[in-house]
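Student: Here it is: the structure, laid out below.
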Amino acid sequence: MDLNFTPEEQAFRDEVRAFMRTDLPADVAAKVKGGKRLTRDDHVRWMTALSKRGWLGVNWPTEYGGTGWSPVQRHIFEEECAAAGGPRIIAFGVNMVAPVIMKFGTAEQKAHYLPRILDLTDWWCQGYSEPGAGSDLASLKTRAVRDGDHYVVNGQKTWTTLGQHADWIFCLVRTDPQAAKPQEGISFLLIDMKTPGITVRPIILLDGEHEVNEVFFDDVRVPVGNRIGEENLGWTYAKYLLTHERTNIAGVGLSKEALRHLKTIARDQLKNGRPLIEDPIFRARMAQIEIDLMALEMTNLRVLADVQAGGAPGAESSILKIKGTEVRQAITDLARRALGPYALPFQSEALDGGFNGEPIGPGYAAPVAAHYFNMRKLSIFGGSNEIQKNIIAKASLGL
Amino acid sequence: MDFSLSEEQRLLKETVDRLVRDRYGFEARQAAAASEQGFSRAMWATFAELGLLAVPFPEAVGGLGGGGVDLMVVAEAFGRGLVVEPYLATVVLGGSLVELAGSDEQKAHILGHVVAGEKLLAFAHGEPDGRYDLAHVGTRAEESGDGWRLTGRKSVVINGDAADTLIVSARTAGGTGDEAGIGLFLVASDAAGLTVHGNPTIDGGRSAEVVLDGVAAEPLGEPGAAFPAIEAAVARGIAALCAEAVGAMEVACETTLDYLKTRKQFGRPIGSFQALQHRMVDMRTELEQARSMAILAAAKLGADRVERERTVSAAKVTIGRAAHHVAEEAIQLHGGIAMTWEYALSHYAKRLVMIDHLLGDVDFHTERFIALTDGTAA
């Protein structure tokens with residue numbers, strides 16, 4: 001047993017760190033660290049820098065222009081990325097639809113879509129959830145009817161993250177409403193967002209931010225050639241996507257960075273004239289999270305080592321998702337408490353990069369409570385934590 | 001990064017797993033626990049034969065040169081069997097103190113007997129008002145013409161009534177609570193002026209209340225500077241307790257899962273109810289987090305002091321919380337049957353909860369973790 005990274009892995013960490021220093025745009029990193037709003041251009045500049053270095057396809061094999069990194073290398077990259085203030089890579093193209101295209105797409109589809117994902121030509125979004133299909137995703141109703149060499153799509157998708165920026169959407173649509181099981185009549189379509197009949201409408205979340213959207217399809221004509229794999233087998237491809245390469249599901253690097261930020265706040269805030277971090281009750285709450293994060297990091301590394309040795313993560317992914325989101329949420333909860341009364345003022349304009357007005361309270365205060373509320377999403381999306389428990393109960397415990 | 005066991009560790013694991021599985025059934029355990037000494041001498045002799053008593057000690061003194069991971073392998077298996085033999089007291093704590101503080105002669109002599117299964121040790125350290133503070137030593141050690149004599153009280157000395165030799169901490173200088181001025185002394189169980197009152201513990205073990213009244217004692221190593229050795233030995237003890245808890249939690253989870261699948265109410269297995277499924281999942285999740293920290297604690301026993309102590313404190317917090325959670329949930333998911341003495345699970349639950357009362361509980365180690373993290377620890 002040896003819990004140290006190998007010299008090669010250490011050297012890799014140094015290399016990643018050096019890249020972050022030189023190629024991560026400083027203004028973008030400052031926004032991430034300060035909890036400021038990111039523009040589409042911020043994301044694109046960062047991902048372009050990664051792409052130029054050949055590091056955007058973190059999970060991709062080298063034959064498609066990916067890094068070919070090991071699970072441990074990917075973990076190191078993600079950790080360093082979070083520590084440096086690199087925005088999370090927008091996953092929908094590079095980490096979600098791309099693996100499906102690689103696995104189930106035709107040669108033409110691979111040749112067309114994959115390079116455009118890697119060079120940032122296309123911004124993708126995900127069309128899975130519907131108003132009536134959340135955790136019970138297979139009950140989706142958006143309909144695709146064959147008409148010659150097109151499908152005609154009608155219906156509504158929702159919770160479409162950053163769909164306002166997207167060029168393309170990958171959708172699960174119902175092609176056979178008469179199938180014996182709801183999972184059996186679903187197809188996987190790639191749809192150009194500029195196609196007539198598509199309407200994107202913002203959903204403003206509880207933090208006041210425009211992060212997700214509703215997407216309406218009204219007689220949208222999609223070429224049959226935009227279907228991945230076979231008709232009515234879309235659920236299989238979607239499941240592959242859901243179980244494939246769920247790297248960084250624990251979010252250890254992000255939680256570590258969030259904890260550092262929390263400590264900065266707790267050192268600055270005063271209670272009875274002393275730094276809040278010296279308050280025994282607050283410090284004990286924080287210690288509990290630090291310790292939970294240590295345990296999570298170890299559990300994550302155990303799973304990574306297993307995957308590196310050729311194992312396939314099963315229910316472990318669900319454990320990592322549950323504990324990872326709990327820890328992350330707990331940190332944001334404590335950050336909110338740390339602010340005391342200054343968690344209340346809602347100064348949305350202070351989240352803009354160009355803001356040079358007077359902050360209400362400490363300069364770091366504006367995003368904290370909003371971020372806390374925003375992070376409630378973690379235990380809901382990507383398969384709610386209750387769904388994860390169902391998966392573990394069924395797959396791992398045989399209940 | 002490599003979490004696999006070495007060839008020697010795999011063999012050790014096979015040996016101790018087989019022993020617990022084949023020869024340490026619940027009935028035998030209960031009989032041993034209920035006996036006068038609270039364990040089986042025959043089983044102890046078997047431990048000696050199999051080399052289990054030699055695991056953590058250097059080869060130079062007849063040990064197997066095992067590290068934290070080897071200790072973890074043994075302790076985890078012992079946790080699965082709810083082993084009551086005085087391994088923690090004699091090998092992990094007592095033996096480590098001799099190894100870390102003793103003179104070469106003392107190491108060769110005492111550890112030789114320990115490894116052979118011929119000598120039982122106990123660490124008489126805690127005192128009535130000391131709670132978990134390792135520096136809280138009020139027992140006095142005084143040197144006179146004919147050597148050292150100890151006077152004071154020691155409380156909840158694990159397996160103190162079985163020990164041939166007590167390793168007693170006593171103050172040669174300074175005040176209660178000072179880390180400096182603490183010595184370790186060897187006291188024979190039949191020494192004049194020594195009173196040892198043994199009692200059962202609620203988790204099936206034994207402890208003793210010890211009174212020393214001018215008892216003749218031999219210093220273990222240099223008297224007065226023993227605190228670092230005590231801290232290091234206790235770190236090993238904590239790592240062993242963490243691994244033991246993981247083993248016991250495994251059994252508690254397995255037993256509960258099995259029960260959920262077989263117990264029927266309302267015409268179907270109770271494991272078909274989602275309210276219970278999710279609680280079972282939570283137990284397993286806590287177990288995995290606890291296992292991670294038990295591994296980390298074992299692996300860091302050789303690290304420098306602050307990293308080692310910070311890690312074992314974090315591990316003890318995680319294990320304390322997880323073991324408490326698993327114990328209470330295991331009882332609740334079983335229902336009435338787990339409230340009975342005859343059902344094995346109830347004894348696992350008791351041990352799991354009581355591990356938090358040994359070598360520092362969740363609150364103690366949370367505070368200590370904070371002090372070590374923020375760099376204000378002495």
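Labels for the structure tokens follow display order: chains A, B, ..., residues from 1 in each chain, ligands from 1.
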So which residues touch Val61 (chain B) within 7 Å, counting only C-alpha atoms, skipping near sequence neighbours fewer than 2 positions away, as a count of residues only?
Tutor: 8
Student: Just want the 12 Å neighbourhood of Asp304 (chain B), counted on only C-alpha atoms, with same-chain residues fewer than 6 positions away dropped. Output as a PDB file with C-alpha atoms, in the first residue's frame.
Tutor:
ATOM      1  CA  PRO B 228       6.063  11.370  22.786  1.00  0.00           C
ATOM      2  CA  ALA B 232       2.811   7.457  19.314  1.00  0.00           C
ATOM      3  CA  ALA B 235      -1.847   6.671  17.699  1.00  0.00           C
ATOM      4  CA  ARG B 310      -3.952  15.086  12.774  1.00  0.00           C
ATOM      5  CA  THR B 311      -4.803  12.083  10.639  1.00  0.00           C
TER       6      THR B 311
END
Student: Considering only C-alpha atoms, return as a PyMOL selection string whatever protein or nucleic-acid residues lie within 9 Å of Gln388 (chain A), sequence-local ones (same chain, fewer than 3 positions apart) excluded.
Tutor: chain A and resi 315+317-319+321-322+383-385+391-393
Student: Let me see the file: selected residues, N, CA and C atoms, as a PDB file, in the first residue's frame.
Tutor:
ATOM      1  N   ALA A 315     -21.704   1.040  -8.044  1.00  0.00           N
ATOM      2  CA  ALA A 315     -22.406   1.802  -7.015  1.00  0.00           C
ATOM      3  C   ALA A 315     -21.497   2.833  -6.361  1.00  0.00           C
ATOM      4  N   SER A 317     -19.815   5.111  -7.746  1.00  0.00           N
ATOM      5  CA  SER A 317     -20.093   6.421  -8.333  1.00  0.00           C
ATOM      6  C   SER A 317     -21.238   7.091  -7.594  1.00  0.00           C
ATOM      7  N   SER A 318     -22.228   6.307  -7.230  1.00  0.00           N
ATOM      8  CA  SER A 318     -23.383   6.866  -6.523  1.00  0.00           C
ATOM      9  C   SER A 318     -22.992   7.336  -5.124  1.00  0.00           C
ATOM     10  N   ILE A 319     -22.143   6.568  -4.452  1.00  0.00           N
ATOM     11  CA  ILE A 319     -21.669   6.988  -3.132  1.00  0.00           C
ATOM     12  C   ILE A 319     -20.906   8.301  -3.249  1.00  0.00           C
ATOM     13  N   LYS A 321     -21.213  10.553  -5.554  1.00  0.00           N
ATOM     14  CA  LYS A 321     -22.128  11.641  -5.887  1.00  0.00           C
ATOM     15  C   LYS A 321     -22.836  12.133  -4.624  1.00  0.00           C
ATOM     16  N   ILE A 322     -23.314  11.201  -3.825  1.00  0.00           N
ATOM     17  CA  ILE A 322     -24.053  11.589  -2.619  1.00  0.00           C
ATOM     18  C   ILE A 322     -23.143  12.342  -1.646  1.00  0.00           C
ATOM     19  N   GLY A 383     -29.287  12.824 -11.531  1.00  0.00           N
ATOM     20  CA  GLY A 383     -29.833  11.710 -10.746  1.00  0.00           C
ATOM     21  C   GLY A 383     -29.847  12.162  -9.304  1.00  0.00           C
ATOM     22  N   SER A 384     -31.015  12.520  -8.783  1.00  0.00           N
ATOM     23  CA  SER A 384     -31.093  13.064  -7.426  1.00  0.00           C
ATOM     24  C   SER A 384     -30.439  12.088  -6.443  1.00  0.00           C
ATOM     25  N   ASN A 385     -30.065  12.609  -5.276  1.00  0.00           N
ATOM     26  CA  ASN A 385     -29.394  11.736  -4.315  1.00  0.00           C
ATOM     27  C   ASN A 385     -30.283  10.575  -3.873  1.00  0.00           C
ATOM     28  N   ILE A 391     -30.273   3.348  -6.662  1.00  0.00           N
ATOM     29  CA  ILE A 391     -29.311   2.604  -7.486  1.00  0.00           C
ATOM     30  C   ILE A 391     -28.446   1.708  -6.602  1.00  0.00           C
ATOM     31  N   ILE A 392     -27.948   2.281  -5.509  1.00  0.00           N
ATOM     32  CA  ILE A 392     -27.102   1.483  -4.615  1.00  0.00           C
ATOM     33  C   ILE A 392     -27.903   0.327  -4.018  1.00  0.00           C
ATOM     34  N   ALA A 393     -29.110   0.632  -3.579  1.00  0.00           N
ATOM     35  CA  ALA A 393     -29.940  -0.404  -2.954  1.00  0.00           C
ATOM     36  C   ALA A 393     -30.166  -1.561  -3.919  1.00  0.00           C
TER      37      ALA A 393
END
Student: Write out as JSON, numbers by chain the residues lying within 10 Å of Gln183 (chain A), counting only C-alpha atoms and excluding same-chain residues fewer than 2 positions away.
Tutor: {"A": [137, 138, 139, 140, 174, 176, 179, 180, 181, 185, 186, 187, 232, 233, 234, 235, 236]}
Student: At a cut-off of 8 Å, list the chain B residues touching chain A, using only C-alpha atoms, as a ChimeraX atom specification.
Tutor: /B:1-6,69,257,261,271-272,274,277-278,280-281,285,288-290,292-293,296,299,314-315,317-318,366-367,369-370
Student: Using DSSP secondary structure from the backbone, list all strand (DSSP E) positions within region 203-239 of chain A, as a ChimeraX atom specification.
Tutor: /A:203-204,210-223,227-228
Student: Any idea what's packed within 12 Å of Pro99 (chain A), counting only C-alpha atoms, ignoring anything in its chain fewer than 3 positions away? Could you give it as a ChimeraX atom specification?
Tutor: /A:57-61,64,66,91-96,102-105,110,113-114,117,228,237-246
Student: Tell me, in Å to one decimal, how far CA of Gln164 (chain A) is from CA of Asp218 (chain A).
Tutor: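 These two atoms are separated by 17.6 Å.
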Student: Looking at A:Gln178, A:Ser379, A:Thr142, A:Thr121, which one is nearest to Ala166 (chain A), with distances taken over only C-alpha atoms?
Tutor: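 Among the listed residues, A:Thr121 lies closest to Ala166 (chain A).
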Student: Taking the DSSP secondary structure from the backbone, can you list the residues of region 98-133 of chain A that are helix (DSSP H, G or I), as a ChimeraX atom specification?
Tutor: /A:98-104,107-118
Student: Go ahead and dump the residues you just picked, N, CA and C atoms, as an mmCIF file, in the first residue's frame.
Tutor:
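File written: part-v9.cif
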data_model
loop_
_atom_site.group_PDB
_atom_site.id
_atom_site.type_symbol
_atom_site.label_atom_id
_atom_site.label_comp_id
_atom_site.auth_asym_id
_atom_site.auth_seq_id
_atom_site.Cartn_x
_atom_site.Cartn_y
_atom_site.Cartn_z
ATOM 1 N N ALA A 98 -20.104 13.803 -26.720
ATOM 2 C CA ALA A 98 -18.948 13.267 -27.459
ATOM 3 C C ALA A 98 -18.717 11.775 -27.201
ATOM 4 N N PRO A 99 -18.723 11.322 -25.928
ATOM 5 C CA PRO A 99 -18.511 9.883 -25.715
ATOM 6 C C PRO A 99 -19.586 9.025 -26.389
ATOM 7 N N VAL A 100 -20.809 9.559 -26.474
ATOM 8 C CA VAL A 100 -21.883 8.799 -27.123
ATOM 9 C C VAL A 100 -21.634 8.725 -28.640
ATOM 10 N N ILE A 101 -21.193 9.860 -29.194
ATOM 11 C CA ILE A 101 -20.884 9.857 -30.628
ATOM 12 C C ILE A 101 -19.725 8.904 -30.911
ATOM 13 N N MET A 102 -18.733 8.945 -30.064
ATOM 14 C CA MET A 102 -17.576 8.046 -30.254
ATOM 15 C C MET A 102 -17.994 6.587 -30.202
ATOM 16 N N LYS A 103 -18.901 6.286 -29.296
ATOM 17 C CA LYS A 103 -19.263 4.881 -29.074
ATOM 18 C C LYS A 103 -20.310 4.401 -30.078
ATOM 19 N N PHE A 104 -21.288 5.243 -30.382
ATOM 20 C CA PHE A 104 -22.418 4.761 -31.179
ATOM 21 C C PHE A 104 -22.620 5.504 -32.499
ATOM 22 N N ALA A 107 -19.254 6.901 -38.805
ATOM 23 C CA ALA A 107 -17.967 7.517 -39.137
ATOM 24 C C ALA A 107 -18.170 8.979 -39.533
ATOM 25 N N GLU A 108 -19.257 9.240 -40.300
ATOM 26 C CA GLU A 108 -19.525 10.620 -40.730
ATOM 27 C C GLU A 108 -19.832 11.502 -39.525
ATOM 28 N N GLN A 109 -20.650 10.990 -38.612
ATOM 29 C CA GLN A 109 -20.993 11.777 -37.419
ATOM 30 C C GLN A 109 -19.743 12.093 -36.603
ATOM 31 N N LYS A 110 -18.897 11.094 -36.424
ATOM 32 C CA LYS A 110 -17.660 11.323 -35.660
ATOM 33 C C LYS A 110 -16.816 12.399 -36.342
ATOM 34 N N ALA A 111 -16.646 12.246 -37.660
ATOM 35 C CA ALA A 111 -15.776 13.166 -38.401
ATOM 36 C C ALA A 111 -16.333 14.589 -38.371
ATOM 37 N N HIS A 112 -17.661 14.703 -38.356
ATOM 38 C CA HIS A 112 -18.255 16.036 -38.375
ATOM 39 C C HIS A 112 -18.276 16.690 -36.997
ATOM 40 N N TYR A 113 -18.833 15.970 -36.021
ATOM 41 C CA TYR A 113 -19.112 16.633 -34.735
ATOM 42 C C TYR A 113 -17.897 16.739 -33.801
ATOM 43 N N LEU A 114 -17.097 15.682 -33.742
ATOM 44 C CA LEU A 114 -16.055 15.661 -32.711
ATOM 45 C C LEU A 114 -15.043 16.802 -32.860
ATOM 46 N N PRO A 115 -14.522 17.054 -34.070
ATOM 47 C CA PRO A 115 -13.564 18.176 -34.182
ATOM 48 C C PRO A 115 -14.196 19.510 -33.826
ATOM 49 N N ARG A 116 -15.485 19.664 -34.166
ATOM 50 C CA ARG A 116 -16.164 20.939 -33.875
ATOM 51 C C ARG A 116 -16.385 21.129 -32.370
ATOM 52 N N ILE A 117 -16.488 20.018 -31.647
ATOM 53 C CA ILE A 117 -16.570 20.132 -30.182
ATOM 54 C C ILE A 117 -15.209 20.555 -29.625
ATOM 55 N N LEU A 118 -14.182 19.916 -30.159
ATOM 56 C CA LEU A 118 -12.847 20.145 -29.622
ATOM 57 C C LEU A 118 -12.318 21.551 -29.954
#
Student: If we count only C-alpha atoms and set the cut-off at 9 Å, which residues sit around Tyr364 (chain A), ignoring sequence neighbours fewer than 5 positions away in its own chain? Please answer as a ChimeraX atom specification.
Tutor: /A:34-35,265,359
